[in-house]
Amino acid sequence: MIEIEHLRFAWPRAAHDCLAIDRLDVAGGNALFLYGPSGGGKSTLLGLMAGVLLPSAGRVRLLGQDLSKLSGARRDAFRADHLGYIFQQFNLLPYLSVLDNVLLPCRFSRVRRERAASRSGTAEADARSLLSRIGLAEPLWRRAAAELSVGQQQRVAAARALIGVPEIVIADEPTSALDAPLRDGFMDVLLSECRAAGTTLVFVSHDERLASRFDAQVSLASINTAAPKESGA
Amino acid sequence: MRPLLGLALRSAWNRRGTLSLVVASIALATLLLLSFERMRADVRASFSQAVSGTDLIVGARTGPVQLMLYAVFRVGGATNNIRMSSVQALAEHRAVAWVVPVSLGDSHRGFPVLGTVPAYFQHFLYADREPLVVVQGQVFRGDLDGLYEAVVGAEVAQRLGYRVGDRITLSHGSGGTPGMEHGDKPFSVVGILARTGTPVDRTVHVSLQALQAIHLDWVGGAPVRGLVIPAEQARKFDLNPKEVTAALVGLKSRAAVFALQRYVAAFADEPLLAVLPGVALDELWDVVGVGERALLGMSVMVAVVSLTGLIAVVLAGLNERRRELAVLRAVGAGPRHVLLLLASEGALVTLLGAALGSLLTLGFVAAAGSWMQTRFGITLQLSAPTPAQWAVLGSVIAAGLIASLVPAWRAYRLSLADGLSPRL
C-alpha cells in the first residue's frame with residue numbers, strides 16, 4: 001500500500017539530508033505505529049507520504065503510484081481521493097460547522113463523495129453516521145467547530161479523515177493534546193473504524209505506550225540513516 | 001473550483017469585522033470617484049444647457065470666460081458697461097437678426113436682477129433650443145404703465161413663495177448692506193417662469209427702464225442725500241438707458257458669426273468683445289479642468305489607499321490562517337486552490353465595496369440633488385451611470401482584483417513552503 005525506496009530528502013538550503021530511508025513498506029489494511037523523538041523528521045516523512053513534499057531522491061509509492069511522477073495538481077487530487085490526514089491539533093476550519101468539516105474532503109474529491117454516498121445514501125448521511133459512531137452527540141453537529149473541546153475536535157478530525165473510505169489515513173501525533181481517558185477513547189474509535197473499513201493507518205507518536213495497539217511498530221531513528229542534526233521539522 | 005467559493009464566503013464571513021472595514025473604505029473611495037464624475041458631468045451639462053440660440057454675447061472688453069460668466073451665469077461682475085448706441089449699431093448690422101440688451105448689478109434677497117427688454121423672453125433659448133415658458137401671469141410690458149413689473153424664475157418663486165401680484169423690492173448691488181434698498185419703488189410680480197435648470201430660474205427679470213427709474217435719485221452707487229423722486233414722478237423722466245452690461249445677439253445665418261465677431265472687435269466707438277458661448281465654455285473647461293484633474297487625482301489616491309488597506313488587512317490575517325491553509329491542503333486543496341481562495345476573497349470584498357459605493361452614490365445624488373439645484377442651479381441626474389462612471393467602477397473593481405492577487409500570491413508561496421506543517 002505504501003512503499004518507500006531509497007528515499008532522501010533535504011529541506012531547501014539545508015546542508016544535510018533530513019531523511020534517508022532505504023526501505024519502508026506498509027501492507028494494505030495494516031496499522032503502523034511510527035515513533036521517534038520530536039524533531040526527528042516525522043512530520044517531514046508524513047509530508048512526503050502525503051505528496052505535499054517531494055523526495056530529492058528515491059521513490060514514494062502509494063497504491064502502486066509513484067508520487068513524483070504525478071504533476072502537482074494530480075498529486076493534490078490523488079491526496080484528496082485516497083488519503084485522510086489528522087493533525088496534532090487545530091484540525092478544523094473554525095468557520096464551518098462540525099458536519100461541514102467532516103464533509104470537507106467530499107468538496108475536493110468526487111471519489112470520496114461517491115464512496116460516502118454509496119455507503120449511506122448521501123455523503124451527508126455518511127458523515128452523520130460516522131459522527132454518531134465516534135460518539136459525538138447530534139446537538140453538536142450544527143455547532144461551529146471552534147465551540148468544541150479539544151477531545152471532541154480530534155474526533156471530528158478522525159471522522160473527516162475517514163469519510164469516503166480513503167485507502168490510507170495518516171495521523172500526526174493526534175493524541176498529544178489529549179489526556180489519558182480521552183486518548184484511549186480516541187484510539188479505540190480510530191483503530192476500530194480503520195479496521196472495519198480496511199484502511200491502512202500510519203500513526204506517528206512519541207508516546208510509546210500506544211505502540212502495542214498496532215500491527216507493526218517502527219522507530220524512525222532506526223530506519224533513518226541521515227546524519228543527525230540539531231533541529232528539524 | 002466551485003467548492004472554494006462557498007469556503008471563501010464563509011471564511012470571509014468569519015472575519016467580517018475587519019473585512020467590513022475594508023469594504024467600507026472601498027465603498028467610500030467608490031462613492032468619491034463616482035459622485036465626482038457625476039458632478040463633473042452634470043455641472044458641464046447644466047453649464048452647456050444654460051444658453052442656446054444665442055450666437056454671440058457682446059460686452060465690454062474683458063476675458064471671454066469672464067464675459068460669459070457674468071452675462072449668462074450671473075457670476076462675478078462686469079468691469080465696464082457698453083453704450084446703448086453701440087448696441088443699436090449692432091442691431092442695425094445686416095447679419096444681425098436680433099439684439100437683446102441686458103443689465104445686471106442689483107439683486108433681490110440674494111437672487112440676481114436682470115434688466116432687459118420683453119424680446120428677451122422671445123429670443124432667449126436654453127438646452128436644446130427650448131424657449132422660456134411663463135407658467136403664471138405674463139411677461140412685463142416694458143412700457144411706462146408696466147414700469148414696475150417683474151418676472152421671476154421658478155426657483156425664486158418657489159423659494160420665496162411668490163405668486164403673481166406679490167410686491168417685491170430690489171436691493172442695490174448684491175444686497176445685504178443696510179440703506180441700499182430701492183424700497184421707495186416696489187415692483188409687482190406679473191409673471192413666473194417654468195423651471196429650466198439654468199440660471200434663469202434664479203433670476204428676477206425687470207425692464208431696462210425700471211432699472212433706470214430706481215437709480216434716478218442715485219449717483220455713484222448711493223442714494224443722493226435730499227433727492228427723492230417718488231415712483232410715480234419717475235415716469236416723467238427719460239428712462240431710456242445710456243449703458244447696459246452686455247447684449248445677446250442672434251444672427252440671420254450662423255455663417256456670419258466670425259465676420260460679426262471681427263466687426264465687434266474692431267468697433268470704433270468703444271472697445272468691445274464678442275464671444276461665442278460654446279467657445280467661451282470650452283475655455284472655461286480648460287480653466288476648470290486643472291481643478292478637476294487635481295480633484296480626480298485626490299480621489300484616485302483615496303482609492304489607492306483603500307486598496308492598499310485591502311492588501312494590508314488580508315496579508316496581516318494570512319499568518320493566522322496558515323493552519324487553515326494546511327487543513328485545506330490536507331484534504332486535497334492544491335496551492336492554486338489557495339491562490340484562488342485568497343483572490344476570490346479579495347474580489348468579494350472589492351465587489352461588495354464597489355456595489356455599496358454605487359448605492360451610496362445614488363443616495364448622495366438623491367440627497368444632495370435638491371440642495372445643489374437651489375444653491376448652484378445644477379441638476380444632478382439620478383439616472384443610469386454615464387460611460388465615464390462605468391469606467392470608474394470598472395477601474396476600481398479591476399484594481400481591487402489586481403490588489404487581491406498580492407496576498408493570494410503570498411498565500412500560494414506559503415502553502416508551497418509550509419506543506420502540511422506550518423512552521424509558526
# chains A, B, ... in the order shown; residues from 1 in each chain; ligands from 1
call {"tool": "select_by_dssp", "arguments": {"residues": "segment 94-222 of chain A", "states": "helix (DSSP H, G or I)", "output": "PyMOL selection string"}}
result
chain A and resi 98-108+110-120+123-133+138-140+145-147+150-162+180-197+208-213+220-222
call {"tool": "write_last_selection", "arguments": {"atoms": "C-alpha atoms", "output": "mmCIF file, in the first residue's frame"}}
result
data_model
loop_
_atom_site.group_PDB
_atom_site.id
_atom_site.type_symbol
_atom_site.label_atom_id
_atom_site.label_comp_id
_atom_site.auth_asym_id
_atom_site.auth_seq_id
_atom_site.Cartn_x
_atom_site.Cartn_y
_atom_site.Cartn_z
ATOM 1 C CA VAL A 98 -18.870 20.180 12.602
ATOM 2 C CA LEU A 99 -20.793 18.433 9.844
ATOM 3 C CA ASP A 100 -19.276 20.612 7.099
ATOM 4 C CA ASN A 101 -15.808 19.987 8.485
ATOM 5 C CA VAL A 102 -16.370 16.256 8.207
ATOM 6 C CA LEU A 103 -17.671 16.702 4.651
ATOM 7 C CA LEU A 104 -14.683 18.833 3.609
ATOM 8 C CA PRO A 105 -12.833 16.064 1.690
ATOM 9 C CA CYS A 106 -16.024 15.418 -0.290
ATOM 10 C CA ARG A 107 -15.825 19.002 -1.572
ATOM 11 C CA PHE A 108 -12.467 18.304 -3.150
ATOM 12 C CA ARG A 110 -15.683 13.182 -6.203
ATOM 13 C CA VAL A 111 -14.336 9.702 -5.415
ATOM 14 C CA ARG A 112 -14.681 10.255 -1.678
ATOM 15 C CA ARG A 113 -18.116 11.848 -2.121
ATOM 16 C CA GLU A 114 -19.414 8.915 -4.150
ATOM 17 C CA ARG A 115 -17.959 6.315 -1.840
ATOM 18 C CA ALA A 116 -19.508 8.021 1.161
ATOM 19 C CA ALA A 117 -22.815 8.228 -0.680
ATOM 20 C CA SER A 118 -22.675 4.563 -1.667
ATOM 21 C CA ARG A 119 -22.306 3.576 1.999
ATOM 22 C CA SER A 120 -25.157 5.661 3.416
ATOM 23 C CA ALA A 123 -22.403 11.921 1.741
ATOM 24 C CA GLU A 124 -24.103 13.880 4.488
ATOM 25 C CA ALA A 125 -25.864 10.779 5.789
ATOM 26 C CA ASP A 126 -22.484 9.042 5.904
ATOM 27 C CA ALA A 127 -20.982 11.961 7.827
ATOM 28 C CA ARG A 128 -23.858 11.735 10.313
ATOM 29 C CA SER A 129 -23.376 8.025 10.807
ATOM 30 C CA LEU A 130 -19.596 8.498 11.250
ATOM 31 C CA LEU A 131 -20.170 11.259 13.798
ATOM 32 C CA SER A 132 -22.551 9.111 15.812
ATOM 33 C CA ARG A 133 -20.149 6.126 15.683
ATOM 34 C CA GLU A 138 -26.100 15.074 17.499
ATOM 35 C CA PRO A 139 -26.758 18.535 19.033
ATOM 36 C CA LEU A 140 -23.085 19.345 18.383
ATOM 37 C CA ALA A 145 -16.168 23.676 15.115
ATOM 38 C CA ALA A 146 -14.464 26.250 17.336
ATOM 39 C CA GLU A 147 -17.037 25.655 20.103
ATOM 40 C CA VAL A 150 -10.064 19.593 22.092
ATOM 41 C CA GLY A 151 -11.085 15.949 22.523
ATOM 42 C CA GLN A 152 -14.241 16.460 20.502
ATOM 43 C CA GLN A 153 -12.306 18.314 17.805
ATOM 44 C CA GLN A 154 -9.872 15.415 17.389
ATOM 45 C CA ARG A 155 -12.777 13.003 17.000
ATOM 46 C CA VAL A 156 -14.269 15.198 14.317
ATOM 47 C CA ALA A 157 -10.855 15.281 12.641
ATOM 48 C CA ALA A 158 -10.830 11.468 12.664
ATOM 49 C CA ALA A 159 -14.292 11.410 11.118
ATOM 50 C CA ARG A 160 -13.094 13.784 8.419
ATOM 51 C CA ALA A 161 -10.052 11.631 7.673
ATOM 52 C CA LEU A 162 -12.254 8.544 7.449
ATOM 53 C CA ALA A 180 -5.356 9.610 29.125
ATOM 54 C CA PRO A 181 -9.115 8.784 29.070
ATOM 55 C CA LEU A 182 -9.710 10.970 26.022
ATOM 56 C CA ARG A 183 -6.667 9.481 24.327
ATOM 57 C CA ASP A 184 -7.862 5.907 24.854
ATOM 58 C CA GLY A 185 -11.326 6.723 23.612
ATOM 59 C CA PHE A 186 -9.861 8.370 20.514
ATOM 60 C CA MET A 187 -7.574 5.395 19.810
ATOM 61 C CA ASP A 188 -10.469 2.944 20.158
ATOM 62 C CA VAL A 189 -12.567 4.867 17.671
ATOM 63 C CA LEU A 190 -9.781 5.420 15.150
ATOM 64 C CA LEU A 191 -8.462 1.854 15.174
ATOM 65 C CA SER A 192 -11.851 0.189 15.021
ATOM 66 C CA GLU A 193 -13.008 2.426 12.161
ATOM 67 C CA CYS A 194 -9.814 1.755 10.199
ATOM 68 C CA ARG A 195 -10.106 -1.989 10.774
ATOM 69 C CA ALA A 196 -13.770 -2.030 9.798
ATOM 70 C CA ALA A 197 -13.063 -0.189 6.551
ATOM 71 C CA GLU A 208 5.317 4.554 23.054
ATOM 72 C CA ARG A 209 2.575 3.404 25.452
ATOM 73 C CA LEU A 210 0.268 3.322 22.445
ATOM 74 C CA ALA A 211 2.542 1.065 20.392
ATOM 75 C CA SER A 212 1.056 -2.256 21.494
ATOM 76 C CA ARG A 213 -2.296 -1.481 19.884
ATOM 77 C CA LEU A 220 12.075 6.345 12.775
ATOM 78 C CA ALA A 221 15.540 6.663 14.256
ATOM 79 C CA SER A 222 16.271 3.052 13.334
#
call {"tool": "interface_residues", "arguments": {"of": "chain B", "to": "chain A", "cutoff": "7 Å", "atoms": "only C-alpha atoms", "output": "list in words"}}
result
Pro3, Arg10, Ser11, Asn14, Arg323, Glu324, Val327, Ala330, Val331, Gly332, Ala333, Gly334, Gly419 and Leu420 of chain B
call {"tool": "write_last_selection", "arguments": {"atoms": "N, CA and C atoms", "output": "PDB file, in the first residue's frame"}}
result
ATOM      1  N   PRO B   3     -16.149  24.333  -5.155  1.00  0.00           N
ATOM      2  CA  PRO B   3     -16.213  24.188  -3.693  1.00  0.00           C
ATOM      3  C   PRO B   3     -15.550  25.345  -2.962  1.00  0.00           C
ATOM      4  N   ARG B  10     -17.569  31.759   3.489  1.00  0.00           N
ATOM      5  CA  ARG B  10     -17.728  31.519   4.923  1.00  0.00           C
ATOM      6  C   ARG B  10     -16.497  31.937   5.696  1.00  0.00           C
ATOM      7  N   SER B  11     -15.334  31.759   5.064  1.00  0.00           N
ATOM      8  CA  SER B  11     -14.108  32.212   5.717  1.00  0.00           C
ATOM      9  C   SER B  11     -14.128  33.732   5.880  1.00  0.00           C
ATOM     10  N   ASN B  14     -16.464  34.789   8.553  1.00  0.00           N
ATOM     11  CA  ASN B  14     -15.857  34.545   9.861  1.00  0.00           C
ATOM     12  C   ASN B  14     -14.984  35.711  10.304  1.00  0.00           C
ATOM     13  N   ARG B 323      -2.781  27.702   9.488  1.00  0.00           N
ATOM     14  CA  ARG B 323      -3.376  26.424   9.895  1.00  0.00           C
ATOM     15  C   ARG B 323      -4.511  26.052   8.963  1.00  0.00           C
ATOM     16  N   GLU B 324      -5.347  27.070   8.695  1.00  0.00           N
ATOM     17  CA  GLU B 324      -6.497  26.870   7.817  1.00  0.00           C
ATOM     18  C   GLU B 324      -6.033  26.375   6.444  1.00  0.00           C
ATOM     19  N   VAL B 327      -4.890  22.762   6.639  1.00  0.00           N
ATOM     20  CA  VAL B 327      -6.032  21.849   6.680  1.00  0.00           C
ATOM     21  C   VAL B 327      -6.586  21.656   5.269  1.00  0.00           C
ATOM     22  N   ALA B 330      -4.414  19.469   3.317  1.00  0.00           N
ATOM     23  CA  ALA B 330      -4.508  18.070   3.732  1.00  0.00           C
ATOM     24  C   ALA B 330      -5.720  17.382   3.103  1.00  0.00           C
ATOM     25  N   VAL B 331      -6.821  18.126   2.937  1.00  0.00           N
ATOM     26  CA  VAL B 331      -7.997  17.476   2.360  1.00  0.00           C
ATOM     27  C   VAL B 331      -7.998  17.544   0.835  1.00  0.00           C
ATOM     28  N   GLY B 332      -6.886  17.980   0.251  1.00  0.00           N
ATOM     29  CA  GLY B 332      -6.778  17.857  -1.198  1.00  0.00           C
ATOM     30  C   GLY B 332      -6.708  19.158  -1.966  1.00  0.00           C
ATOM     31  N   ALA B 333      -6.683  20.307  -1.258  1.00  0.00           N
ATOM     32  CA  ALA B 333      -6.561  21.578  -1.963  1.00  0.00           C
ATOM     33  C   ALA B 333      -5.129  21.751  -2.442  1.00  0.00           C
ATOM     34  N   GLY B 334      -4.958  22.212  -3.667  1.00  0.00           N
ATOM     35  CA  GLY B 334      -3.630  22.495  -4.176  1.00  0.00           C
ATOM     36  C   GLY B 334      -3.265  23.933  -3.908  1.00  0.00           C
ATOM     37  N   GLY B 419       3.620  23.260   3.294  1.00  0.00           N
ATOM     38  CA  GLY B 419       3.090  21.917   3.152  1.00  0.00           C
ATOM     39  C   GLY B 419       2.010  21.703   4.186  1.00  0.00           C
ATOM     40  N   LEU B 420       2.141  20.633   4.943  1.00  0.00           N
ATOM     41  CA  LEU B 420       1.115  20.323   5.936  1.00  0.00           C
ATOM     42  C   LEU B 420       1.513  20.774   7.323  1.00  0.00           C
TER      43      LEU B 420
END
call {"tool": "closest_residue", "arguments": {"among": "A:Ile170, A:Ala226, A:Val204, A:Ala216", "to": "Tyr35 of chain A", "atoms": "only C-alpha atoms"}}
result
A:Val204
call {"tool": "select_by_dssp", "arguments": {"residues": "segment 136-218 of chain B", "states": "strand (DSSP E or B)", "output": "list in words"}}
result
Gln136, Gly137, Glu149, Ala150, Val151, Val152, Arg167, Ile168, Ser171, Glu181, Phe187, Ser188, Val189, Val190, Gly191, Ile192, Leu193, Val204, His205, Val206, Ser207 and Trp218 of chain B
call {"tool": "residues_around", "arguments": {"residues": "segment 109-119 of chain B", "least_positions_apart": "2", "cutoff": "10 Å", "atoms": "only C-alpha atoms", "output": "ChimeraX atom specification"}}
result
/B:71,73-75,98-107,121-124,139-143,150-153,155-156,160,168-176,199-212,244-245,247
call {"tool": "atom_distance", "arguments": {"atom1": "atom CA of Pro174 of chain A", "atom2": "atom CA of Ser219 of chain A"}}
result
17.5 Å
